[in-house]
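See structure below.
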Amino acid sequence: MTDGGTAAEFPRRPAEAGAGERLVSEPIVPEAGSFDSATMSRGIPGVPARFSWRGKTYTVAALAGTRKNLRPCRSGSGERYVHKHFYTVETETGEVMTIYRTRSGSKKDSWTLYSIDESRQGATREGSASGPGPAPIRLAVLVSGNGTNLQALIDAAADDRARENVDGRFGIALVIADREGCFALERAQKAGIPTALALPPKGVARPEARMAVSDRVLALAREARADALVLAGFLTILSGPLIDEYANRIVNIHPALLPKFGGKGMWGHHVHEAVLSSGDGESGCTVHLVDSGCDTGTILFQRKVPVLPGDTPDSLAERIHREEHAAIVEGARELARRLAREGDR
Ligand code: GAR
């Protein structure tokens with residue numbers, strides 16, 4: 001079979017597998033008789049209107065693009081034949097999936113789910129790639145700095161996609177920063193996660209600036225259809241309608257054992273300096289729900305570390321950071337479990 005040049009019928013090419021696109025490479029079963037007869041009549045193998053994968057049926061809502069994988073004929077004639085015909089489809093339930101039909105060889109006429117584009121759908125939703133159990137919740141993660149806590153979340157979300165029965169699964173739909181150029185944004189971009197800025201306006205008093213950042217975060221979270229928010233080293237104090245709309249759905253990580261060493265001005269190295277000056281023998285991190293106060297919401301859990309003789313703010317911060325990376329993932333999972341219990345999404 002030679003390439004009849006039919007790709008022009010579908011000018012948009014599906015994305016190459018790249019950041020945000022999860023390779024699946026598993027068989028799918030097109031529903032018999034559900035092929036698009038309009039395209040078949042033009043000699044293109046039709047796109048199934050419905051197909052099943054892992055026991056769930058997906059209905060194709062739109063064809064977003066197509067491409068062909070060509071191979072040279074063995075005869076040496078220079079002709080090339082179609083080996084695989086790829087279609088990127090959008091399903092009724094919002095997944096963006098690339099499927100292909102093998103057109104030659106031992107698997108001729110079989111169909112495969114090649115990939116799921118999670119960057120376009122933000123995070124895996126009901127039934128798309130979830131396997132059994134509740135679907136992952138969609139998180140918006142808020143950052144201001146280096147983003148090691150964000151990285152822990154990114155890595156855990158990637159693990160979740162590879163495993164099926166993780167309790168409290170989540171995907172990251174969006175990363176929001178309150179400043180330009182922080183390294184956390186680079187981490188998100190490298191992982192193929194959409195990013196956005198919620199910058200404080202210049203020349204206004206601090207409460208108004210905080211409100212503006214909060215309102216922008218709310219608009220972005222709604223747009224990303226975020227189920228919940230995680231503050232992973234986010235240094236703007238949030239206020240206003242965001243707190244009500246996402247009540248009990250925002251967690252923050254704080255690098256000390258709240259209620260000690262919390263509140264305004266207590267962030268980063270300031271916290272560790274205060275702990276060292278206090279002479280306390282232990283510190284740690286706290287994961288808590290966010291309310292309209294500063295570091296005052298319900299404490300979900302804490303992880304403790306000893307304060308050692310000779311500790312500096314940096315050495316203490318490093319010890320706490322290691323605990324934070326497990327704690328923040330646990331915080332995100334706890335949000336997912338709570339939302340699943342409430343059936344509230
Ligand atoms: C973390 O230690 C976090 O607890 C702290 O900022 C650091 C961010 O590190 N947050 C606060 O101080 C909030 N009051 P990271 O950017 O490497 O995740």
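We label chains A, B, ... in the order they appear in the structure tokens, count residues from 1 in each chain, and number ligands from 1 in the order shown.
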
Could you report the residues within 7 Å of ligand 1, using only C-alpha atoms and all ligand atoms, as a PyMOL selection string?
-> chain A and resi 143-150+184+232-235+253-255+266-268+285+317+321+324

Same residues, N, CA, C and O atoms, output as a JSON list (two decimals), in the first residue's frame:
[["chain", "number", "residue", "atom", "x", "y", "z"],
["A", 143, "VAL", "N", 3.92, 28.04, 44.00],
["A", 143, "VAL", "CA", 5.36, 28.05, 44.32],
["A", 143, "VAL", "C", 5.92, 29.47, 44.30],
["A", 143, "VAL", "O", 5.35, 30.37, 43.67],
["A", 144, "SER", "N", 7.07, 29.62, 44.98],
["A", 144, "SER", "CA", 7.79, 30.91, 44.95],
["A", 144, "SER", "C", 9.29, 30.74, 44.76],
["A", 144, "SER", "O", 9.98, 31.72, 44.51],
["A", 145, "GLY", "N", 9.81, 29.51, 44.95],
["A", 145, "GLY", "CA", 11.27, 29.41, 45.05],
["A", 145, "GLY", "C", 11.87, 28.30, 44.22],
["A", 145, "GLY", "O", 11.51, 28.07, 43.07],
["A", 146, "ASN", "N", 12.75, 27.58, 44.87],
["A", 146, "ASN", "CA", 13.51, 26.53, 44.20],
["A", 146, "ASN", "C", 12.62, 25.38, 43.71],
["A", 146, "ASN", "O", 12.84, 24.80, 42.66],
["A", 147, "GLY", "N", 11.60, 25.04, 44.50],
["A", 147, "GLY", "CA", 10.63, 24.05, 44.04],
["A", 147, "GLY", "C", 11.00, 22.61, 44.32],
["A", 147, "GLY", "O", 10.54, 21.71, 43.62],
["A", 148, "THR", "N", 11.79, 22.36, 45.38],
["A", 148, "THR", "CA", 12.10, 20.95, 45.68],
["A", 148, "THR", "C", 10.83, 20.22, 46.14],
["A", 148, "THR", "O", 10.66, 19.03, 45.87],
["A", 149, "ASN", "N", 9.95, 20.92, 46.82],
["A", 149, "ASN", "CA", 8.68, 20.28, 47.22],
["A", 149, "ASN", "C", 7.80, 20.01, 46.00],
["A", 149, "ASN", "O", 7.14, 18.98, 45.92],
["A", 150, "LEU", "N", 7.79, 20.96, 45.08],
["A", 150, "LEU", "CA", 7.06, 20.73, 43.82],
["A", 150, "LEU", "C", 7.62, 19.48, 43.14],
["A", 150, "LEU", "O", 6.88, 18.64, 42.64],
["A", 184, "ALA", "N", 11.33, 26.80, 40.40],
["A", 184, "ALA", "CA", 10.18, 25.89, 40.42],
["A", 184, "ALA", "C", 9.46, 25.91, 39.06],
["A", 184, "ALA", "O", 8.97, 24.88, 38.60],
["A", 232, "ALA", "N", 3.38, 24.92, 47.95],
["A", 232, "ALA", "CA", 4.67, 24.23, 48.09],
["A", 232, "ALA", "C", 5.78, 25.28, 48.13],
["A", 232, "ALA", "O", 6.48, 25.49, 47.15],
["A", 233, "GLY", "N", 5.88, 25.97, 49.29],
["A", 233, "GLY", "CA", 6.86, 27.05, 49.38],
["A", 233, "GLY", "C", 6.34, 28.31, 48.74],
["A", 233, "GLY", "O", 7.09, 29.03, 48.09],
["A", 234, "PHE", "N", 5.05, 28.58, 48.91],
["A", 234, "PHE", "CA", 4.43, 29.79, 48.33],
["A", 234, "PHE", "C", 4.44, 30.87, 49.40],
["A", 234, "PHE", "O", 3.96, 30.64, 50.52],
["A", 235, "LEU", "N", 4.95, 32.04, 49.05],
["A", 235, "LEU", "CA", 5.21, 33.03, 50.09],
["A", 235, "LEU", "C", 4.23, 34.19, 50.15],
["A", 235, "LEU", "O", 4.40, 35.10, 50.97],
["A", 253, "ILE", "N", 2.59, 23.71, 53.34],
["A", 253, "ILE", "CA", 3.64, 23.09, 54.14],
["A", 253, "ILE", "C", 4.46, 24.20, 54.77],
["A", 253, "ILE", "O", 4.81, 25.18, 54.11],
["A", 254, "HIS", "N", 4.71, 24.03, 56.08],
["A", 254, "HIS", "CA", 5.45, 25.05, 56.83],
["A", 254, "HIS", "C", 6.66, 24.38, 57.46],
["A", 254, "HIS", "O", 6.54, 23.28, 58.04],
["A", 255, "PRO", "N", 7.84, 25.03, 57.42],
["A", 255, "PRO", "CA", 9.06, 24.35, 57.87],
["A", 255, "PRO", "C", 9.33, 24.46, 59.37],
["A", 255, "PRO", "O", 10.45, 24.77, 59.79],
["A", 266, "MET", "N", 7.43, 34.61, 59.23],
["A", 266, "MET", "CA", 8.04, 33.31, 59.52],
["A", 266, "MET", "C", 8.03, 32.45, 58.26],
["A", 266, "MET", "O", 7.09, 31.70, 57.99],
["A", 267, "TRP", "N", 9.06, 32.61, 57.48],
["A", 267, "TRP", "CA", 9.20, 31.78, 56.28],
["A", 267, "TRP", "C", 10.68, 31.49, 56.07],
["A", 267, "TRP", "O", 11.55, 32.23, 56.57],
["A", 268, "GLY", "N", 10.94, 30.40, 55.39],
["A", 268, "GLY", "CA", 12.31, 30.03, 55.01],
["A", 268, "GLY", "C", 13.29, 30.12, 56.17],
["A", 268, "GLY", "O", 13.02, 29.65, 57.28],
["A", 285, "CYS", "N", 8.36, 19.81, 60.21],
["A", 285, "CYS", "CA", 7.49, 20.50, 59.25],
["A", 285, "CYS", "C", 6.04, 20.13, 59.56],
["A", 285, "CYS", "O", 5.76, 19.11, 60.19],
["A", 317, "ALA", "N", 17.62, 23.51, 57.94],
["A", 317, "ALA", "CA", 16.69, 23.58, 56.79],
["A", 317, "ALA", "C", 16.83, 22.34, 55.93],
["A", 317, "ALA", "O", 15.82, 21.76, 55.48],
["A", 321, "HIS", "N", 13.94, 19.81, 55.08],
["A", 321, "HIS", "CA", 13.54, 19.68, 53.68],
["A", 321, "HIS", "C", 13.33, 18.21, 53.30],
["A", 321, "HIS", "O", 12.38, 17.88, 52.59],
["A", 324, "GLU", "N", 10.10, 17.24, 54.49],
["A", 324, "GLU", "CA", 9.02, 17.95, 53.79],
["A", 324, "GLU", "C", 8.62, 17.21, 52.52],
["A", 324, "GLU", "O", 7.44, 17.19, 52.15]]

Would you please give, as an MDAnalysis selection string, all residues of segment 66-293 of chain A that DSSP assigns to strand (DSSP E) based on the backbone?
-> chainID A and resid 66:72 80:91 96:102 111:117 137:143 170:177 195:197 228:231 250:254 282:289

Mind dumping a table of every segment 92-192 of chain A residue within 12 Å of segment 67-70 of chain A, with the nearest atom pair and its distance in Å to one decimal, using only C-alpha atoms, sorted by chain and rising number, as a tab-separated table?
residue	atom	partner	partner_atom	distance
A:Thr98	CA	A:Arg67	CA	10.2
A:Ile99	CA	A:Arg67	CA	10.6
A:Tyr100	CA	A:Lys68	CA	9.1
A:Arg101	CA	A:Lys68	CA	9.8
A:Thr102	CA	A:Asn69	CA	9.4
A:Arg103	CA	A:Asn69	CA	9.7
A:Ser104	CA	A:Leu70	CA	10.4

Could the residues in this selection be written to a file with all heavy atoms, as a PDB file, in the first residue's frame?
ATOM      1  N   THR A  98      -3.790   9.576  21.402  1.00  0.00           N
ATOM      2  CA  THR A  98      -3.322   9.220  20.063  1.00  0.00           C
ATOM      3  C   THR A  98      -3.414   7.703  19.928  1.00  0.00           C
ATOM      4  O   THR A  98      -2.843   6.962  20.737  1.00  0.00           O
ATOM      5  CB  THR A  98      -1.887   9.713  19.825  1.00  0.00           C
ATOM      6  OG1 THR A  98      -1.910  11.147  19.865  1.00  0.00           O
ATOM      7  CG2 THR A  98      -1.380   9.273  18.461  1.00  0.00           C
ATOM      8  N   ILE A  99      -4.188   7.285  18.915  1.00  0.00           N
ATOM      9  CA  ILE A  99      -4.366   5.858  18.656  1.00  0.00           C
ATOM     10  C   ILE A  99      -3.804   5.582  17.253  1.00  0.00           C
ATOM     11  O   ILE A  99      -3.688   6.497  16.455  1.00  0.00           O
ATOM     12  CB  ILE A  99      -5.849   5.440  18.736  1.00  0.00           C
ATOM     13  CG1 ILE A  99      -6.698   6.215  17.722  1.00  0.00           C
ATOM     14  CG2 ILE A  99      -6.378   5.668  20.147  1.00  0.00           C
ATOM     15  CD1 ILE A  99      -8.187   5.800  17.702  1.00  0.00           C
ATOM     16  N   TYR A 100      -3.422   4.348  17.003  1.00  0.00           N
ATOM     17  CA  TYR A 100      -3.006   4.050  15.624  1.00  0.00           C
ATOM     18  C   TYR A 100      -3.462   2.674  15.183  1.00  0.00           C
ATOM     19  O   TYR A 100      -3.666   1.771  16.008  1.00  0.00           O
ATOM     20  CB  TYR A 100      -1.493   4.231  15.439  1.00  0.00           C
ATOM     21  CG  TYR A 100      -0.600   3.224  16.140  1.00  0.00           C
ATOM     22  CD1 TYR A 100      -0.324   1.972  15.581  1.00  0.00           C
ATOM     23  CD2 TYR A 100       0.004   3.549  17.356  1.00  0.00           C
ATOM     24  CE1 TYR A 100       0.519   1.067  16.206  1.00  0.00           C
ATOM     25  CE2 TYR A 100       0.844   2.648  17.999  1.00  0.00           C
ATOM     26  CZ  TYR A 100       1.097   1.406  17.416  1.00  0.00           C
ATOM     27  OH  TYR A 100       1.935   0.517  18.047  1.00  0.00           O
ATOM     28  N   ARG A 101      -3.599   2.580  13.854  1.00  0.00           N
ATOM     29  CA  ARG A 101      -3.918   1.294  13.244  1.00  0.00           C
ATOM     30  C   ARG A 101      -2.663   0.825  12.513  1.00  0.00           C
ATOM     31  O   ARG A 101      -2.063   1.602  11.754  1.00  0.00           O
ATOM     32  CB  ARG A 101      -5.055   1.480  12.247  1.00  0.00           C
ATOM     33  CG  ARG A 101      -5.450   0.216  11.539  1.00  0.00           C
ATOM     34  CD  ARG A 101      -6.493   0.513  10.485  1.00  0.00           C
ATOM     35  NE  ARG A 101      -6.912  -0.711   9.821  1.00  0.00           N
ATOM     36  CZ  ARG A 101      -7.799  -0.736   8.842  1.00  0.00           C
ATOM     37  NH1 ARG A 101      -8.362   0.382   8.424  1.00  0.00           N
ATOM     38  NH2 ARG A 101      -8.127  -1.871   8.281  1.00  0.00           N
ATOM     39  N   THR A 102      -2.276  -0.408  12.756  1.00  0.00           N
ATOM     40  CA  THR A 102      -1.125  -0.961  12.040  1.00  0.00           C
ATOM     41  C   THR A 102      -1.612  -1.430  10.679  1.00  0.00           C
ATOM     42  O   THR A 102      -2.618  -2.138  10.581  1.00  0.00           O
ATOM     43  CB  THR A 102      -0.508  -2.117  12.844  1.00  0.00           C
ATOM     44  OG1 THR A 102      -0.163  -1.618  14.137  1.00  0.00           O
ATOM     45  CG2 THR A 102       0.744  -2.654  12.168  1.00  0.00           C
ATOM     46  N   ARG A 103      -0.920  -0.994   9.643  1.00  0.00           N
ATOM     47  CA  ARG A 103      -1.421  -1.266   8.285  1.00  0.00           C
ATOM     48  C   ARG A 103      -0.646  -2.363   7.568  1.00  0.00           C
ATOM     49  O   ARG A 103      -0.960  -2.673   6.421  1.00  0.00           O
ATOM     50  CB  ARG A 103      -1.344   0.029   7.452  1.00  0.00           C
ATOM     51  CG  ARG A 103      -2.104   1.218   8.058  1.00  0.00           C
ATOM     52  CD  ARG A 103      -3.602   1.101   7.826  1.00  0.00           C
ATOM     53  NE  ARG A 103      -3.956   1.021   6.435  1.00  0.00           N
ATOM     54  CZ  ARG A 103      -4.059   2.052   5.609  1.00  0.00           C
ATOM     55  NH1 ARG A 103      -3.851   3.269   6.062  1.00  0.00           N
ATOM     56  NH2 ARG A 103      -4.394   1.880   4.351  1.00  0.00           N
ATOM     57  N   SER A 104       0.402  -2.885   8.194  1.00  0.00           N
ATOM     58  CA  SER A 104       1.181  -3.933   7.522  1.00  0.00           C
ATOM     59  C   SER A 104       1.840  -4.821   8.569  1.00  0.00           C
ATOM     60  O   SER A 104       1.839  -4.485   9.749  1.00  0.00           O
ATOM     61  CB  SER A 104       2.245  -3.296   6.622  1.00  0.00           C
ATOM     62  OG  SER A 104       3.140  -2.555   7.421  1.00  0.00           O
TER      63      SER A 104
END

Mind checking which residues fall within 6 Å of segment 62-64 of chain A, counting only C-alpha atoms, ignoring those fewer than 2 positions away in the same chain, and posting them as JSON, numbers by chain?
-> {"A": [60, 88, 89, 90]}

Please identify all polymer residues within 12 Å of Asp314 of chain A, counting only C-alpha atoms, omitting same-chain residues fewer than 2 positions from it, and present them as a ChimeraX atom specification.
-> /A:268-273,276,307,310-312,316-321

Secondary structure check, alpha helix (DSSP H) residues of segment 85-328 of chain A, as JSON, numbers by chain = {"A": [118, 119, 120, 121, 148, 149, 150, 151, 152, 153, 154, 155, 156, 157, 158, 159, 160, 161, 162, 183, 184, 185, 186, 187, 188, 189, 190, 206, 207, 208, 209, 210, 211, 212, 213, 214, 215, 216, 217, 218, 219, 220, 221, 222, 223, 241, 242, 243, 244, 245, 268, 269, 270, 271, 272, 273, 274, 275, 276, 277, 278, 313, 314, 315, 316, 317, 318, 319, 320, 321, 322, 323, 324, 325, 326, 327, 328]}

Exercise: Thr296 of chain A partners within 8 Å, only C-alpha atoms, chain neighbours under 4 positions left out, as a list in words | Pro259, Gly263, Val290 and Asp291 of chain A

Each segment 245-309 of chain A residue no farther than 12 Å from segment 328-341 of chain A, nearest pair in Å, only C-alpha atoms, as CSV:
residue,atom,partner,partner_atom,distance
A:Tyr246,CA,A:Leu335,CA,11.5
A:Ala247,CA,A:Leu335,CA,11.5
A:Asn248,CA,A:Leu335,CA,8.4
A:Arg249,CA,A:Leu335,CA,6.6
A:Ile250,CA,A:Leu335,CA,8.1
A:Val251,CA,A:Gly331,CA,6.9
A:Asn252,CA,A:Ile328,CA,8.2
A:Ile253,CA,A:Ile328,CA,6.6
A:His254,CA,A:Ile328,CA,9.8
A:Pro255,CA,A:Ile328,CA,11.1
A:Cys285,CA,A:Ile328,CA,9.5
A:Thr286,CA,A:Ile328,CA,9.1
A:Val287,CA,A:Gly331,CA,6.3
A:His288,CA,A:Gly331,CA,8.1
A:Leu289,CA,A:Gly331,CA,9.3
A:Ile299,CA,A:Gly331,CA,10.5
A:Leu300,CA,A:Gly331,CA,7.7
A:Phe301,CA,A:Gly331,CA,8.3
A:Gln302,CA,A:Gly331,CA,10.2
A:Arg303,CA,A:Ile328,CA,10.6

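Among the candidates A:Asp244, A:Gly105, A:Gly46, A:Ile154, the one nearest to Lys190 of chain A when counting only C-alpha atoms is A:Ile154.
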
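You can rank A:Arg71, A:Trp53, A:Pro313, A:Tyr114 by their closest distance to Ser277 of chain A using only C-alpha atoms, and at the top of that list sits A:Pro313.
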
Determine, counting only C-alpha atoms, which protein, DNA and RNA residues have an atom within 6 Å of an atom of Phe35 of chain A; residues of the same chain fewer than 4 positions away are not included. Present the result as a ChimeraX atom specification.
-> /A:46-49

Counting only C-alpha atoms, figure out which residue out of A:Ile243, A:Val166, A:Leu113, A:Ala61 gets nearest to Gly297 of chain A.
-> A:Ile243

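Closest approach to Val230 of chain A from the set A:Arg138, A:Arg206, A:Arg169, A:Arg161 is made by A:Arg138, with distances taken over only C-alpha atoms.
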